[in-house]
Amino acid sequence: MTARIHDLTLADGRRLSPWCWAAKLALAHKDVAFETIPTRFIDIPKIEGGFKTVPVVDLGEATVGDSFELALKLETDYPDRPPLFAGEGGVALSRFVQAQASFLLGKMSRAMVLAIHDGLDEETQGYFRTSREKMFKATLEEVAAEPEKNIAAVKDALTPIRILLRSQPFLGGETPLFADLMVAGLFQWARVVGAVDYLAGEDRLAEWFARLEARYGETLARTNG
């Protein structure tokens, strides 16, 4: 089976969403082949099924519209392949990491928001500006006005992950789990956008990401699909 994933894209084809990256890494982790469908923000309402966000992943017999739900389904469908959660306790703890990743996304996006806007096609830029200014309650220019302060806030928020990685190579322990893939999706998103290198000066985090690249390098190299 080859999964088909609606994958958020910039105008030049670079793939954008951290949650799409987490989904693609989960598929790679379970050795499930996939192809991507480049999808703009404004194309999401056109996806059959009434989805409001991506990833939307067609698995043949089912369509899943959430990266965490995808990981749960892959865990059930492919129990003989490397685990994404390693049991019910892993699922519960991964939900905490999902919340932390969502928190980080909000902080990371502030220094990146103008670069994302500028990378979109003109039609999508209008949607992005309107929706994000409503979300932030400020203009994009105001959101991005203090990049050093915004980056410092991200560095501070990464402290718990740094502490955890002092004692183990991955968030999942000796091998990566979906918790690692969610956080990796954030760093890959930032790397693809190119506005901020959040791994700069982060030896422990950079080493962790390099270990993931050694496992998932082929997937992470597919920055244009």
# chains A, B, ... in the order shown; residues from 1 in each chain; ligands from 1
call {"tool": "residues_around", "arguments": {"residues": "A:Gln188", "least_positions_apart": "4", "cutoff": "8 Å", "atoms": "only C-alpha atoms", "output": "PyMOL selection string"}}
result
chain A and resi 18+21+184+192+220
call {"tool": "closest_atom_pairs", "arguments": {"of": "stretch 97-177 of chain A", "to": "stretch 203-218 of chain A", "cutoff": "7 Å", "atoms": "only C-alpha atoms", "output": "tab-separated table"}}
result
residue	atom	partner	partner_atom	distance
A:Arg162	CA	A:Arg204	CA	6.6
A:Leu165	CA	A:Arg204	CA	6.9
A:Pro169	CA	A:Trp208	CA	6.5
A:Phe170	CA	A:Trp208	CA	6.6
call {"tool": "write_last_selection", "arguments": {"atoms": "N, CA and C atoms", "output": "compact mmCIF listing (two decimals), in the first residue's frame"}}
result
# COMPACT_ATOMS: atom_id res chain seq x y z
N ARG A 162 15.77 19.62 26.60
CA ARG A 162 17.22 19.55 26.82
C ARG A 162 17.54 18.69 28.04
N LEU A 165 17.07 14.97 27.39
CA LEU A 165 18.08 14.40 26.50
C LEU A 165 19.46 14.28 27.15
N PRO A 169 19.08 9.06 24.52
CA PRO A 169 19.32 9.59 23.18
C PRO A 169 18.08 10.13 22.48
N PHE A 170 16.91 9.65 22.85
CA PHE A 170 15.66 10.08 22.22
C PHE A 170 14.62 10.39 23.30
call {"tool": "select_by_dssp", "arguments": {"residues": "stretch 7-123 of chain A", "states": "helix (DSSP H, G or I)", "output": "PyMOL selection string"}}
result
chain A and resi 18-29+41-46+67-77+88-119+122-123
call {"tool": "atom_distance", "arguments": {"atom1": "atom CA of A:Thr2", "atom2": "atom CA of A:Glu48"}}
result
18.6 Å
call {"tool": "closest_residue", "arguments": {"among": "A:Asp7, A:Glu133, A:Asp66, A:Asp77", "to": "A:Val32", "atoms": "only C-alpha atoms"}}
result
A:Asp77
call {"tool": "decode", "arguments": {"residues": "stretch 169-200 of chain A", "atoms": "N, CA, C and O atoms", "output": "PDB file, in the first residue's frame"}}
result
ATOM      1  N   PRO A 169      19.079   9.059  24.525  1.00  0.00           N
ATOM      2  CA  PRO A 169      19.318   9.590  23.178  1.00  0.00           C
ATOM      3  C   PRO A 169      18.080  10.135  22.481  1.00  0.00           C
ATOM      4  O   PRO A 169      18.189  10.984  21.598  1.00  0.00           O
ATOM      5  N   PHE A 170      16.906   9.647  22.852  1.00  0.00           N
ATOM      6  CA  PHE A 170      15.665  10.083  22.224  1.00  0.00           C
ATOM      7  C   PHE A 170      14.623  10.389  23.298  1.00  0.00           C
ATOM      8  O   PHE A 170      14.720   9.911  24.434  1.00  0.00           O
ATOM      9  N   LEU A 171      13.606  11.154  22.943  1.00  0.00           N
ATOM     10  CA  LEU A 171      12.511  11.392  23.885  1.00  0.00           C
ATOM     11  C   LEU A 171      11.844  10.079  24.251  1.00  0.00           C
ATOM     12  O   LEU A 171      11.349   9.908  25.364  1.00  0.00           O
ATOM     13  N   GLY A 172      11.830   9.145  23.311  1.00  0.00           N
ATOM     14  CA  GLY A 172      11.237   7.832  23.547  1.00  0.00           C
ATOM     15  C   GLY A 172      12.131   6.873  24.293  1.00  0.00           C
ATOM     16  O   GLY A 172      11.729   5.746  24.570  1.00  0.00           O
ATOM     17  N   GLY A 173      13.346   7.272  24.624  1.00  0.00           N
ATOM     18  CA  GLY A 173      14.276   6.397  25.337  1.00  0.00           C
ATOM     19  C   GLY A 173      15.448   6.031  24.449  1.00  0.00           C
ATOM     20  O   GLY A 173      16.099   6.890  23.868  1.00  0.00           O
ATOM     21  N   GLU A 174      15.691   4.729  24.302  1.00  0.00           N
ATOM     22  CA  GLU A 174      16.809   4.263  23.486  1.00  0.00           C
ATOM     23  C   GLU A 174      16.508   4.301  21.998  1.00  0.00           C
ATOM     24  O   GLU A 174      17.421   4.265  21.170  1.00  0.00           O
ATOM     25  N   THR A 175      15.240   4.350  21.640  1.00  0.00           N
ATOM     26  CA  THR A 175      14.834   4.445  20.236  1.00  0.00           C
ATOM     27  C   THR A 175      13.760   5.517  20.110  1.00  0.00           C
ATOM     28  O   THR A 175      13.032   5.802  21.067  1.00  0.00           O
ATOM     29  N   PRO A 176      13.628   6.129  18.939  1.00  0.00           N
ATOM     30  CA  PRO A 176      12.618   7.181  18.789  1.00  0.00           C
ATOM     31  C   PRO A 176      11.201   6.628  18.779  1.00  0.00           C
ATOM     32  O   PRO A 176      10.948   5.526  18.293  1.00  0.00           O
ATOM     33  N   LEU A 177      10.297   7.406  19.334  1.00  0.00           N
ATOM     34  CA  LEU A 177       8.868   7.114  19.294  1.00  0.00           C
ATOM     35  C   LEU A 177       8.154   8.311  18.667  1.00  0.00           C
ATOM     36  O   LEU A 177       8.796   9.278  18.245  1.00  0.00           O
ATOM     37  N   PHE A 178       6.838   8.267  18.625  1.00  0.00           N
ATOM     38  CA  PHE A 178       6.106   9.359  17.988  1.00  0.00           C
ATOM     39  C   PHE A 178       6.343  10.688  18.687  1.00  0.00           C
ATOM     40  O   PHE A 178       6.281  11.744  18.066  1.00  0.00           O
ATOM     41  N   ALA A 179       6.629  10.652  19.979  1.00  0.00           N
ATOM     42  CA  ALA A 179       6.971  11.884  20.702  1.00  0.00           C
ATOM     43  C   ALA A 179       8.137  12.588  20.020  1.00  0.00           C
ATOM     44  O   ALA A 179       8.111  13.816  19.824  1.00  0.00           O
ATOM     45  N   ASP A 180       9.160  11.839  19.645  1.00  0.00           N
ATOM     46  CA  ASP A 180      10.307  12.427  18.937  1.00  0.00           C
ATOM     47  C   ASP A 180       9.882  13.013  17.599  1.00  0.00           C
ATOM     48  O   ASP A 180      10.342  14.087  17.204  1.00  0.00           O
ATOM     49  N   LEU A 181       9.008  12.310  16.907  1.00  0.00           N
ATOM     50  CA  LEU A 181       8.637  12.718  15.554  1.00  0.00           C
ATOM     51  C   LEU A 181       7.810  14.000  15.554  1.00  0.00           C
ATOM     52  O   LEU A 181       7.935  14.825  14.642  1.00  0.00           O
ATOM     53  N   MET A 182       6.980  14.191  16.571  1.00  0.00           N
ATOM     54  CA  MET A 182       6.217  15.433  16.670  1.00  0.00           C
ATOM     55  C   MET A 182       7.139  16.629  16.861  1.00  0.00           C
ATOM     56  O   MET A 182       6.983  17.664  16.211  1.00  0.00           O
ATOM     57  N   VAL A 183       8.101  16.494  17.767  1.00  0.00           N
ATOM     58  CA  VAL A 183       9.024  17.601  18.020  1.00  0.00           C
ATOM     59  C   VAL A 183       9.956  17.795  16.830  1.00  0.00           C
ATOM     60  O   VAL A 183      10.254  18.929  16.432  1.00  0.00           O
ATOM     61  N   ALA A 184      10.393  16.705  16.221  1.00  0.00           N
ATOM     62  CA  ALA A 184      11.237  16.808  15.032  1.00  0.00           C
ATOM     63  C   ALA A 184      10.527  17.552  13.910  1.00  0.00           C
ATOM     64  O   ALA A 184      11.149  18.304  13.150  1.00  0.00           O
ATOM     65  N   GLY A 185       9.211  17.354  13.808  1.00  0.00           N
ATOM     66  CA  GLY A 185       8.439  18.062  12.790  1.00  0.00           C
ATOM     67  C   GLY A 185       8.546  19.575  12.931  1.00  0.00           C
ATOM     68  O   GLY A 185       8.579  20.298  11.928  1.00  0.00           O
ATOM     69  N   LEU A 186       8.635  20.048  14.159  1.00  0.00           N
ATOM     70  CA  LEU A 186       8.786  21.490  14.393  1.00  0.00           C
ATOM     71  C   LEU A 186      10.115  22.000  13.870  1.00  0.00           C
ATOM     72  O   LEU A 186      10.186  23.039  13.206  1.00  0.00           O
ATOM     73  N   PHE A 187      11.189  21.276  14.175  1.00  0.00           N
ATOM     74  CA  PHE A 187      12.503  21.716  13.725  1.00  0.00           C
ATOM     75  C   PHE A 187      12.650  21.600  12.211  1.00  0.00           C
ATOM     76  O   PHE A 187      13.294  22.440  11.576  1.00  0.00           O
ATOM     77  N   GLN A 188      12.031  20.554  11.636  1.00  0.00           N
ATOM     78  CA  GLN A 188      12.072  20.425  10.184  1.00  0.00           C
ATOM     79  C   GLN A 188      11.284  21.550   9.515  1.00  0.00           C
ATOM     80  O   GLN A 188      11.717  22.110   8.508  1.00  0.00           O
ATOM     81  N   TRP A 189      10.155  21.899  10.077  1.00  0.00           N
ATOM     82  CA  TRP A 189       9.336  23.032   9.592  1.00  0.00           C
ATOM     83  C   TRP A 189      10.163  24.310   9.588  1.00  0.00           C
ATOM     84  O   TRP A 189      10.211  25.033   8.585  1.00  0.00           O
ATOM     85  N   ALA A 190      10.858  24.571  10.699  1.00  0.00           N
ATOM     86  CA  ALA A 190      11.675  25.784  10.773  1.00  0.00           C
ATOM     87  C   ALA A 190      12.811  25.727   9.763  1.00  0.00           C
ATOM     88  O   ALA A 190      13.156  26.738   9.132  1.00  0.00           O
ATOM     89  N   ARG A 191      13.403  24.575   9.597  1.00  0.00           N
ATOM     90  CA  ARG A 191      14.519  24.442   8.661  1.00  0.00           C
ATOM     91  C   ARG A 191      14.059  24.676   7.225  1.00  0.00           C
ATOM     92  O   ARG A 191      14.751  25.327   6.444  1.00  0.00           O
ATOM     93  N   VAL A 192      12.891  24.157   6.878  1.00  0.00           N
ATOM     94  CA  VAL A 192      12.367  24.325   5.522  1.00  0.00           C
ATOM     95  C   VAL A 192      12.028  25.791   5.252  1.00  0.00           C
ATOM     96  O   VAL A 192      12.340  26.328   4.179  1.00  0.00           O
ATOM     97  N   VAL A 193      11.405  26.460   6.211  1.00  0.00           N
ATOM     98  CA  VAL A 193      11.076  27.879   6.032  1.00  0.00           C
ATOM     99  C   VAL A 193      12.358  28.703   5.937  1.00  0.00           C
ATOM    100  O   VAL A 193      12.464  29.643   5.132  1.00  0.00           O
ATOM    101  N   GLY A 194      13.341  28.374   6.766  1.00  0.00           N
ATOM    102  CA  GLY A 194      14.655  28.979   6.645  1.00  0.00           C
ATOM    103  C   GLY A 194      14.846  30.327   7.316  1.00  0.00           C
ATOM    104  O   GLY A 194      15.908  30.928   7.204  1.00  0.00           O
ATOM    105  N   ALA A 195      13.838  30.806   8.030  1.00  0.00           N
ATOM    106  CA  ALA A 195      13.957  32.137   8.648  1.00  0.00           C
ATOM    107  C   ALA A 195      14.795  32.105   9.919  1.00  0.00           C
ATOM    108  O   ALA A 195      15.511  33.059  10.223  1.00  0.00           O
ATOM    109  N   VAL A 196      14.700  31.019  10.691  1.00  0.00           N
ATOM    110  CA  VAL A 196      15.383  30.906  11.980  1.00  0.00           C
ATOM    111  C   VAL A 196      15.957  29.494  12.106  1.00  0.00           C
ATOM    112  O   VAL A 196      15.257  28.519  11.823  1.00  0.00           O
ATOM    113  N   ASP A 197      17.181  29.397  12.548  1.00  0.00           N
ATOM    114  CA  ASP A 197      17.781  28.100  12.841  1.00  0.00           C
ATOM    115  C   ASP A 197      17.685  27.871  14.343  1.00  0.00           C
ATOM    116  O   ASP A 197      18.544  28.321  15.104  1.00  0.00           O
ATOM    117  N   TYR A 198      16.625  27.173  14.764  1.00  0.00           N
ATOM    118  CA  TYR A 198      16.418  26.961  16.190  1.00  0.00           C
ATOM    119  C   TYR A 198      17.377  25.930  16.779  1.00  0.00           C
ATOM    120  O   TYR A 198      17.428  25.763  17.997  1.00  0.00           O
ATOM    121  N   LEU A 199      18.147  25.249  15.945  1.00  0.00           N
ATOM    122  CA  LEU A 199      19.145  24.312  16.451  1.00  0.00           C
ATOM    123  C   LEU A 199      20.504  24.971  16.654  1.00  0.00           C
ATOM    124  O   LEU A 199      21.408  24.359  17.228  1.00  0.00           O
ATOM    125  N   ALA A 200      20.650  26.206  16.198  1.00  0.00           N
ATOM    126  CA  ALA A 200      21.926  26.912  16.360  1.00  0.00           C
ATOM    127  C   ALA A 200      22.252  27.070  17.844  1.00  0.00           C
ATOM    128  O   ALA A 200      21.425  27.535  18.630  1.00  0.00           O
TER     129      ALA A 200
END
